[in-house]
Structures are given as C-alpha cells and as structure tokens.
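Engineer: I have a structure I would like to understand better, so I am pasting it below and will then ask my questions one at a time.
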Amino acid sequence: MYSDLINKKAKLAVIGLGYVGLPIALEFAKKISVIGFDINQKRVDMMKNQVDPSGELDKASFENADIEFTTSLDVLREAKFFIVAVPTPIDEHKLPDLKPILSASKTIGHVLKQGDYVVFESTVYPGCTEDDCVPVLEELSGLSRVKDFKIGYSPERINPGDKEHTLANILKIVSGCDAESLEEISKVYQIVVKAGVHKASSIKVAEAAKIIENTQRDVNISLMNELSIIFNKMGINTYEVLEAAGTKWNFLKFYPGLVGGHCIGVDPYYLTYKAAELGYHAQVINSGRYVNDSMGFYVAKQTVKKIASKGKDISRARVLVMGATFKENVEDTRNSKVADVVNEFKSYGVHVDVTDPRASSEELHHEYGFSLVPEIGKNYDAVVVAVNHKEYDGFDESYFQTILATDGLVVDLKGLYRGKIKTLGYWSL
C-alpha cells in the first residue's frame, strides 16, 4: 500500500474535511494523490476555490496539492486508503452521537474493495472502531476485515488555532488489525509526520490513549475551577495562587476557565458512557464534567451578585460579553460555554450584548439564538472578557472606562488584565 501511494498508483481519501480532515488531506496531497470527500457541497466548493471553511488555513496551504475535492461516491471509489476524520459529538443527553462516524462508515462500505485500508481518526471510546464501525463496512461491502481489507486507528492530535503543534510536528499514534497493517499504516503516516509514529499494540489501546488525553486535561481543569470557587469565597485571586504554586518544579500548570469545544468538553462523555455500559460509574471523570459544565452559570451568577451589590436594578442592567468562540484565536463556536454565560444572564433579565472579532454572528444565532452586536455600546454595568483572543491583549483600564458605567465591573475570566485594573471593579476566576 505504501509503495502504491508513494508512486501514485493508488489514491488516499480523507472523509470529513473540517478542522482535522482538511489539514491532513492537504499535507498528504503535497506528497501523494488525494481525494478530499465531504457531504457538504458548499464547503467542497469553497475548498475548490482554495478557501478553508474553518478559517484555519490560508490560500497558500492549497498550492501544489494533488487533491480532488468532491461529494461524489464515484470519485471516492478510486481511493485505496481511506482516512475517516468526521466529528464525534454528544447528543442532548450527553451520550455519544455516532451518527457521523457510522454514516462515514456506510459511505466507505459502498466503495470498499479487496485490499483497501480504512483508518479512523475520530475520537471514540475503546472498541468503537471494531465493534461499531467495522461491521458496517463488512455488511455493505460484503468483505471481511483482515482477510479482505485492513483496519487501523490513528487518533488526531490537531489543536485548532495552534500554528506550532501541527500534524507534521506531533508524534502520531498508529494501530492496525494485524502486523502487516500496522507496518503499512505506520509507513503511510510517516510520509507526512516528521515527528515519527508510536505503534500501539492494538486498536483499542490507540482509542483509549486518545480519549484519556482530553479526559486528563478536563479533570485537571475542573480541579482549577473548583479551587477558583473556593478561593473566591476566601477573597484571594486564583491566578496569584497558581503563580506562587507554579514555582515548584513538578507543579502542573493548569488554569480555570470555560471548558467547551468538540474535544475536552465532549470526549470524557464517551469514556463514561463505555464505563457505565461495563457496569462502572466513573466518579472522578463525571465529577470533573459537572464542575466544568457548571462554570458558565457560576460566572454569570457571580457577576450579577457584584452588580447588585452596587445597588443597581438587575432587570435594567447591561452586560457586554467579549468572546463567543470555544477557545481563543479560533472561529469555532461549537459547544461554546460562553452560551451558558449569556443564557444565565438573560434568565436574570439582564440585557446582554455579545462581541467577537472571529466568530460568525449567523452561526451563533443558528446554534444558540443570539447574535453579535454590530458595534460595542456604552455604559455597561459589567464587561465579561470570556475568551482571551489576541485582539484583546492591548486593552487597558482606560479602554474599559470608555464603555463601562460608573461603578462598572471588569470580569476577566483568564486573568488577562490582572494588576492592570486599579479604579474599576475587577473580578476573575
């Protein structure tokens, strides 16, 4: 397989061209022939015009790429090596929503041929690839795993907005259904991954390795969030505590904040679901999830209490929320916990304006029911800096004074302006 791909006797296809899939497809397309497949024709048309719908990659990333973007199964059928990079979200009950990955499996099942390879990159619970996805491939293709086609799992490690830790620079975990597939899959990924590969002993081990990466971060951040609640009651600043504690060489530097997005805020639920299926209630992971899922409501309540302490009528209060994406310096608003902050303010009758230099107002309205204001107003009772976009780095107290009312409050969730606010009210996690 590796030889055929490198000599362009075979094509590689990437199914799902979002934040993960498109960078992978374009990186491979610099070396081999690639088919970029997505079910969204509008997105495919944008990519044909060298535009990344996710806003992560510039036009130069598309240049000198041997790639065909398509929604056609006939075109997809030309591929021999398939990489699945579709989202794995949760539903309204916080249970795994396998519809995208099973749909991708069905798509490949219709075009799968003898000798083909299928590698899944989407984050799933251990066992999902072999127990849920492969049976779909076998049923629709009439072929058998290992004997007729090879399976692998290689978890994505792309970090949206991060220009340093890119696909080529991050060690890639790879796994296969047998020794031959592990070797071939390893060689294929090393075409584009300069950092090399780590060969996992099984597909389940590779799946588990990925899901605990984000679960570990989630649990650690939840501890910081819980500490921030405790320290707030004590009247001490969490960031000052962490700065002091961080002087010890083995102190782990995690920080409080809103935990959303399509990875850290989602993946732990895949693990707790599988654990429950096996008869075990994951206490630490579930507790961490509860803390992190509650932070948006906590931020809004604390802000409302501080506005009320100034003798102001909450039903007439005005608040500006700065930042609506799930993290800094990205356009992605999926599972943004800023929405929890906004909705909690509204439950108190507070008038809320939201601004963000990167988010789409249309997407926010479609997903959460609120839009971005065309311009920032004046006389706000509080400004909540929810996302530390680099566009906000240069703001100082004089700026906030121009948009805040008398006795106005700066709520600085990430501690961007710690030590810089002297006369206005100030609070951070």
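Residue numbering restarts at 1 for every chain of the structure tokens, chains are lettered A, B, ... in their displayed order, and ligands are numbered from 1 as they appear.
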When you look at Lys210 (chain A) with a cut-off of 10 Å (counting only C-alpha atoms), what residues show up, excluding the ones that are within fewer than 6 positions of it in the same chain? I need them as a list of chain:residue names.
Structural biologist: A:Glu121, A:Ser122, A:Thr123, A:Val124, A:Tyr125, A:Pro126, A:Ser154, A:Pro155, A:Glu156, A:Arg157, A:Ile173, A:Asp267
Engineer: List every residue of region 97-282 of chain A that DSSP, applied to the backbone of this structure, places in strand (DSSP E), and write the result as a list in words.
Structural biologist: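 Checking each residue of region 97-282 of chain A, the strand (DSSP E) ones are Tyr117, Val118, Val119, Phe120, Lys150, Ile151, Gly152, Tyr153, Lys172, Ile173, Val174, Ser175, Gly176, Val197, His198 and Lys199 of chain A.
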Engineer: Could you please determine the separation between CA of Val192 (chain A) and CA of Asn49 (chain A) in Å, to one decimal place?
Structural biologist: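 Spanning CA of Val192 (chain A) to CA of Asn49 (chain A) is a straight-line distance of 23.6 Å.
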Engineer: Quick one: everything within 12 Å of Ile376 (chain A), counting only C-alpha atoms, minus sequence neighbours fewer than 4 positions away in the same chain. Send it as an mmCIF file with N, CA and C atoms, in the first residue's frame.
Structural biologist:
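Output contents, as saved in part.cif:
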data_model
loop_
_atom_site.group_PDB
_atom_site.id
_atom_site.type_symbol
_atom_site.label_atom_id
_atom_site.label_comp_id
_atom_site.auth_asym_id
_atom_site.auth_seq_id
_atom_site.Cartn_x
_atom_site.Cartn_y
_atom_site.Cartn_z
ATOM 1 N N ARG A 318 -26.998 46.136 32.104
ATOM 2 C CA ARG A 318 -26.488 45.865 30.767
ATOM 3 C C ARG A 318 -25.080 45.284 30.880
ATOM 4 N N VAL A 319 -24.852 44.174 30.182
ATOM 5 C CA VAL A 319 -23.562 43.492 30.243
ATOM 6 C C VAL A 319 -23.047 43.245 28.833
ATOM 7 N N LEU A 320 -21.751 43.443 28.651
ATOM 8 C CA LEU A 320 -21.096 43.108 27.389
ATOM 9 C C LEU A 320 -20.249 41.855 27.600
ATOM 10 N N VAL A 321 -20.455 40.853 26.767
ATOM 11 C CA VAL A 321 -19.633 39.650 26.798
ATOM 12 C C VAL A 321 -18.686 39.698 25.600
ATOM 13 N N MET A 322 -17.398 39.657 25.884
ATOM 14 C CA MET A 322 -16.389 39.736 24.831
ATOM 15 C C MET A 322 -15.816 38.340 24.594
ATOM 16 N N VAL A 352 -27.964 41.639 27.422
ATOM 17 C CA VAL A 352 -26.618 41.166 27.092
ATOM 18 C C VAL A 352 -26.265 41.505 25.644
ATOM 19 N N ASP A 353 -25.131 42.148 25.444
ATOM 20 C CA ASP A 353 -24.525 42.320 24.124
ATOM 21 C C ASP A 353 -23.332 41.368 24.028
ATOM 22 N N VAL A 354 -23.141 40.778 22.858
ATOM 23 C CA VAL A 354 -22.022 39.861 22.655
ATOM 24 C C VAL A 354 -21.195 40.338 21.463
ATOM 25 N N THR A 355 -19.884 40.332 21.628
ATOM 26 C CA THR A 355 -18.995 40.730 20.534
ATOM 27 C C THR A 355 -17.869 39.716 20.417
ATOM 28 N N ASP A 356 -17.372 39.525 19.224
ATOM 29 C CA ASP A 356 -16.256 38.608 18.994
ATOM 30 C C ASP A 356 -15.650 38.930 17.635
ATOM 31 N N PRO A 357 -14.323 39.141 17.574
ATOM 32 C CA PRO A 357 -13.688 39.505 16.303
ATOM 33 C C PRO A 357 -13.563 38.345 15.322
ATOM 34 N N LEU A 372 -24.165 38.616 17.317
ATOM 35 C CA LEU A 372 -23.172 39.602 17.728
ATOM 36 C C LEU A 372 -23.708 41.003 17.472
ATOM 37 N N TYR A 380 -22.071 50.074 30.061
ATOM 38 C CA TYR A 380 -22.346 48.717 30.531
ATOM 39 C C TYR A 380 -22.064 48.647 32.032
ATOM 40 N N VAL A 383 -18.385 44.194 31.984
ATOM 41 C CA VAL A 383 -17.817 43.628 30.764
ATOM 42 C C VAL A 383 -17.186 42.298 31.145
ATOM 43 N N TYR A 399 -9.485 51.870 28.299
ATOM 44 C CA TYR A 399 -10.440 51.388 27.296
ATOM 45 C C TYR A 399 -11.746 50.972 27.958
ATOM 46 N N PHE A 400 -11.644 50.207 29.015
ATOM 47 C CA PHE A 400 -12.864 49.732 29.685
ATOM 48 C C PHE A 400 -13.658 50.888 30.293
ATOM 49 N N THR A 402 -14.166 53.660 28.933
ATOM 50 C CA THR A 402 -14.963 54.294 27.872
ATOM 51 C C THR A 402 -16.263 53.554 27.591
ATOM 52 N N ILE A 403 -16.356 52.283 28.003
ATOM 53 C CA ILE A 403 -17.565 51.507 27.696
ATOM 54 C C ILE A 403 -18.344 51.091 28.943
ATOM 55 N N LEU A 404 -17.776 51.331 30.124
ATOM 56 C CA LEU A 404 -18.447 50.957 31.363
ATOM 57 C C LEU A 404 -19.117 52.151 32.027
#
Engineer: Quick one: residues within 8 Å of region 240-254 of chain A, only C-alpha atoms counted, chain neighbours fewer than 4 positions away excluded, as a PyMOL selection string?
Structural biologist: chain A and resi 220-221+224+236
Engineer: Pick out the residues sitting within 8 Å of region 88-91 of chain A, and hand them over as a VMD selection string; count only C-alpha atoms, and ignore anything fewer than 2 positions along from it in its own chain.
Structural biologist: chain A and resid 86 93 to 98 100 to 101 122 to 124 262 266 269
Engineer: Could you write out that same residue set with C-alpha atoms as a PDB file, in the first residue's frame?
Structural biologist:
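Here's the written file selection.pdb:
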ATOM      1  CA  VAL A  86     -15.556  13.187  10.974  1.00  0.00           C
ATOM      2  CA  HIS A  93     -28.402  13.741  26.913  1.00  0.00           C
ATOM      3  CA  LYS A  94     -24.586  13.878  26.811  1.00  0.00           C
ATOM      4  CA  LEU A  95     -24.408  10.450  25.216  1.00  0.00           C
ATOM      5  CA  PRO A  96     -22.139   9.585  22.255  1.00  0.00           C
ATOM      6  CA  ASP A  97     -23.655  10.516  18.902  1.00  0.00           C
ATOM      7  CA  LEU A  98     -22.179   8.018  16.469  1.00  0.00           C
ATOM      8  CA  PRO A 100     -21.451  10.970  11.690  1.00  0.00           C
ATOM      9  CA  ILE A 101     -18.901   8.170  12.053  1.00  0.00           C
ATOM     10  CA  SER A 122     -12.257  10.378  15.047  1.00  0.00           C
ATOM     11  CA  THR A 123     -12.136  10.266  18.850  1.00  0.00           C
ATOM     12  CA  VAL A 124     -14.225   7.354  20.163  1.00  0.00           C
ATOM     13  CA  HIS A 262     -15.595  19.498  20.454  1.00  0.00           C
ATOM     14  CA  VAL A 266     -17.104  16.110  24.774  1.00  0.00           C
ATOM     15  CA  TYR A 269     -18.554  11.510  27.989  1.00  0.00           C
TER      16      TYR A 269
END
Engineer: Taking the DSSP assignment computed from this structure's backbone, write out as a PyMOL selection string all residues of region 190-338 of chain A that belong to helix (DSSP H, G or I).
Structural biologist: chain A and resi 203-234+238-245+267-277+283-308+314-316+338
Engineer: Quick one: write out the picked residues with C-alpha atoms as a PDB file, in the first residue's frame?
Structural biologist:
ATOM      1  CA  ILE A 203      -6.682  -0.552  18.026  1.00  0.00           C
ATOM      2  CA  LYS A 204      -8.357  -0.413  21.462  1.00  0.00           C
ATOM      3  CA  VAL A 205      -5.143   0.821  23.076  1.00  0.00           C
ATOM      4  CA  ALA A 206      -4.858   3.595  20.477  1.00  0.00           C
ATOM      5  CA  GLU A 207      -8.508   4.589  21.015  1.00  0.00           C
ATOM      6  CA  ALA A 208      -8.029   4.636  24.793  1.00  0.00           C
ATOM      7  CA  ALA A 209      -4.805   6.664  24.538  1.00  0.00           C
ATOM      8  CA  LYS A 210      -6.589   9.401  22.641  1.00  0.00           C
ATOM      9  CA  ILE A 211      -9.622   9.627  24.862  1.00  0.00           C
ATOM     10  CA  ILE A 212      -7.614   9.911  28.080  1.00  0.00           C
ATOM     11  CA  GLU A 213      -5.550  12.793  26.654  1.00  0.00           C
ATOM     12  CA  ASN A 214      -8.592  15.058  26.773  1.00  0.00           C
ATOM     13  CA  THR A 215     -10.089  13.429  29.870  1.00  0.00           C
ATOM     14  CA  GLN A 216      -6.893  14.136  31.804  1.00  0.00           C
ATOM     15  CA  ARG A 217      -6.988  17.796  30.805  1.00  0.00           C
ATOM     16  CA  ASP A 218     -10.680  18.011  31.645  1.00  0.00           C
ATOM     17  CA  VAL A 219     -10.212  16.619  35.156  1.00  0.00           C
ATOM     18  CA  ASN A 220      -7.224  18.868  35.857  1.00  0.00           C
ATOM     19  CA  ILE A 221      -9.046  21.994  34.668  1.00  0.00           C
ATOM     20  CA  SER A 222     -12.088  21.038  36.755  1.00  0.00           C
ATOM     21  CA  LEU A 223      -9.842  20.994  39.842  1.00  0.00           C
ATOM     22  CA  MET A 224      -8.649  24.504  38.980  1.00  0.00           C
ATOM     23  CA  ASN A 225     -12.257  25.637  38.514  1.00  0.00           C
ATOM     24  CA  GLU A 226     -13.267  24.167  41.858  1.00  0.00           C
ATOM     25  CA  LEU A 227     -10.281  25.817  43.521  1.00  0.00           C
ATOM     26  CA  SER A 228     -11.274  29.147  41.966  1.00  0.00           C
ATOM     27  CA  ILE A 229     -14.724  28.825  43.564  1.00  0.00           C
ATOM     28  CA  ILE A 230     -13.135  28.089  46.955  1.00  0.00           C
ATOM     29  CA  PHE A 231     -10.558  30.867  46.675  1.00  0.00           C
ATOM     30  CA  ASN A 232     -13.253  33.331  45.626  1.00  0.00           C
ATOM     31  CA  LYS A 233     -15.010  32.649  48.940  1.00  0.00           C
ATOM     32  CA  MET A 234     -11.693  33.286  50.684  1.00  0.00           C
ATOM     33  CA  THR A 238      -6.662  32.088  41.920  1.00  0.00           C
ATOM     34  CA  TYR A 239      -4.096  33.212  39.364  1.00  0.00           C
ATOM     35  CA  GLU A 240      -1.888  34.619  42.115  1.00  0.00           C
ATOM     36  CA  VAL A 241      -2.140  31.301  43.961  1.00  0.00           C
ATOM     37  CA  LEU A 242      -1.240  29.347  40.811  1.00  0.00           C
ATOM     38  CA  GLU A 243       1.644  31.703  40.081  1.00  0.00           C
ATOM     39  CA  ALA A 244       3.073  31.044  43.538  1.00  0.00           C
ATOM     40  CA  ALA A 245       2.452  27.282  43.438  1.00  0.00           C
ATOM     41  CA  ASP A 267     -14.636  13.214  24.792  1.00  0.00           C
ATOM     42  CA  PRO A 268     -14.880  12.341  28.516  1.00  0.00           C
ATOM     43  CA  TYR A 269     -18.554  11.510  27.989  1.00  0.00           C
ATOM     44  CA  TYR A 270     -17.537   8.786  25.529  1.00  0.00           C
ATOM     45  CA  LEU A 271     -15.395   7.190  28.227  1.00  0.00           C
ATOM     46  CA  THR A 272     -18.012   7.474  30.985  1.00  0.00           C
ATOM     47  CA  TYR A 273     -20.624   6.010  28.619  1.00  0.00           C
ATOM     48  CA  LYS A 274     -18.461   2.977  27.905  1.00  0.00           C
ATOM     49  CA  ALA A 275     -17.615   2.603  31.595  1.00  0.00           C
ATOM     50  CA  ALA A 276     -21.331   2.625  32.503  1.00  0.00           C
ATOM     51  CA  GLU A 277     -22.000   0.051  29.791  1.00  0.00           C
ATOM     52  CA  GLN A 283     -16.845   9.089  39.674  1.00  0.00           C
ATOM     53  CA  VAL A 284     -13.820  11.345  39.165  1.00  0.00           C
ATOM     54  CA  ILE A 285     -14.481  11.952  35.453  1.00  0.00           C
ATOM     55  CA  ASN A 286     -18.197  12.641  35.997  1.00  0.00           C
ATOM     56  CA  SER A 287     -17.464  14.982  38.907  1.00  0.00           C
ATOM     57  CA  GLY A 288     -14.986  16.908  36.775  1.00  0.00           C
ATOM     58  CA  ARG A 289     -17.514  17.174  33.973  1.00  0.00           C
ATOM     59  CA  TYR A 290     -20.139  18.518  36.391  1.00  0.00           C
ATOM     60  CA  VAL A 291     -17.799  21.233  37.658  1.00  0.00           C
ATOM     61  CA  ASN A 292     -16.735  22.315  34.173  1.00  0.00           C
ATOM     62  CA  ASP A 293     -20.253  22.227  32.750  1.00  0.00           C
ATOM     63  CA  SER A 294     -21.396  24.483  35.617  1.00  0.00           C
ATOM     64  CA  MET A 295     -18.808  27.232  35.203  1.00  0.00           C
ATOM     65  CA  GLY A 296     -20.762  29.345  32.723  1.00  0.00           C
ATOM     66  CA  PHE A 297     -23.681  29.624  35.133  1.00  0.00           C
ATOM     67  CA  TYR A 298     -21.299  30.333  38.025  1.00  0.00           C
ATOM     68  CA  VAL A 299     -19.613  33.211  36.165  1.00  0.00           C
ATOM     69  CA  ALA A 300     -22.942  34.858  35.325  1.00  0.00           C
ATOM     70  CA  LYS A 301     -24.296  34.478  38.888  1.00  0.00           C
ATOM     71  CA  GLN A 302     -21.166  35.952  40.440  1.00  0.00           C
ATOM     72  CA  THR A 303     -21.314  38.888  38.019  1.00  0.00           C
ATOM     73  CA  VAL A 304     -24.989  39.514  38.777  1.00  0.00           C
ATOM     74  CA  LYS A 305     -24.284  39.453  42.533  1.00  0.00           C
ATOM     75  CA  LYS A 306     -21.490  42.006  42.131  1.00  0.00           C
ATOM     76  CA  ILE A 307     -23.689  44.304  40.014  1.00  0.00           C
ATOM     77  CA  ALA A 308     -26.489  44.035  42.591  1.00  0.00           C
ATOM     78  CA  ILE A 314     -30.585  43.824  37.810  1.00  0.00           C
ATOM     79  CA  SER A 315     -33.586  43.894  35.484  1.00  0.00           C
ATOM     80  CA  ARG A 316     -32.156  47.093  33.981  1.00  0.00           C
ATOM     81  CA  VAL A 338     -19.996  31.300  26.581  1.00  0.00           C
TER      82      VAL A 338
END
Engineer: With a distance cut-off of 8 Å and only C-alpha atoms, select the neighbouring residues of Asp332 (chain A), excluding the residue or stretch itself and same-chain residues fewer than 5 positions from it, and output the selection as a ChimeraX atom specification.
Structural biologist: /A:54,261,325-327,359
Engineer: With only C-alpha atoms as the counted atoms, please give the residues lying no more than 10 Å from Glu139 (chain A), apart from itself and same-chain residues fewer than 3 positions off, as an MDAnalysis selection string.
Structural biologist: chainID A and resid 106 109:110 134:136 142:144
Engineer: Using only C-alpha atoms, which of A:Lys187, A:Lys312, A:Lys31, A:Lys378 sits nearest Asn7 (chain A)?
Structural biologist: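 The closest residue to Asn7 (chain A) is A:Lys31.
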Engineer: Take CA of Ser428 (chain A) and CA of Gly394 (chain A) and report the distance between them in Å, one decimal.
Structural biologist: 17.8 Å
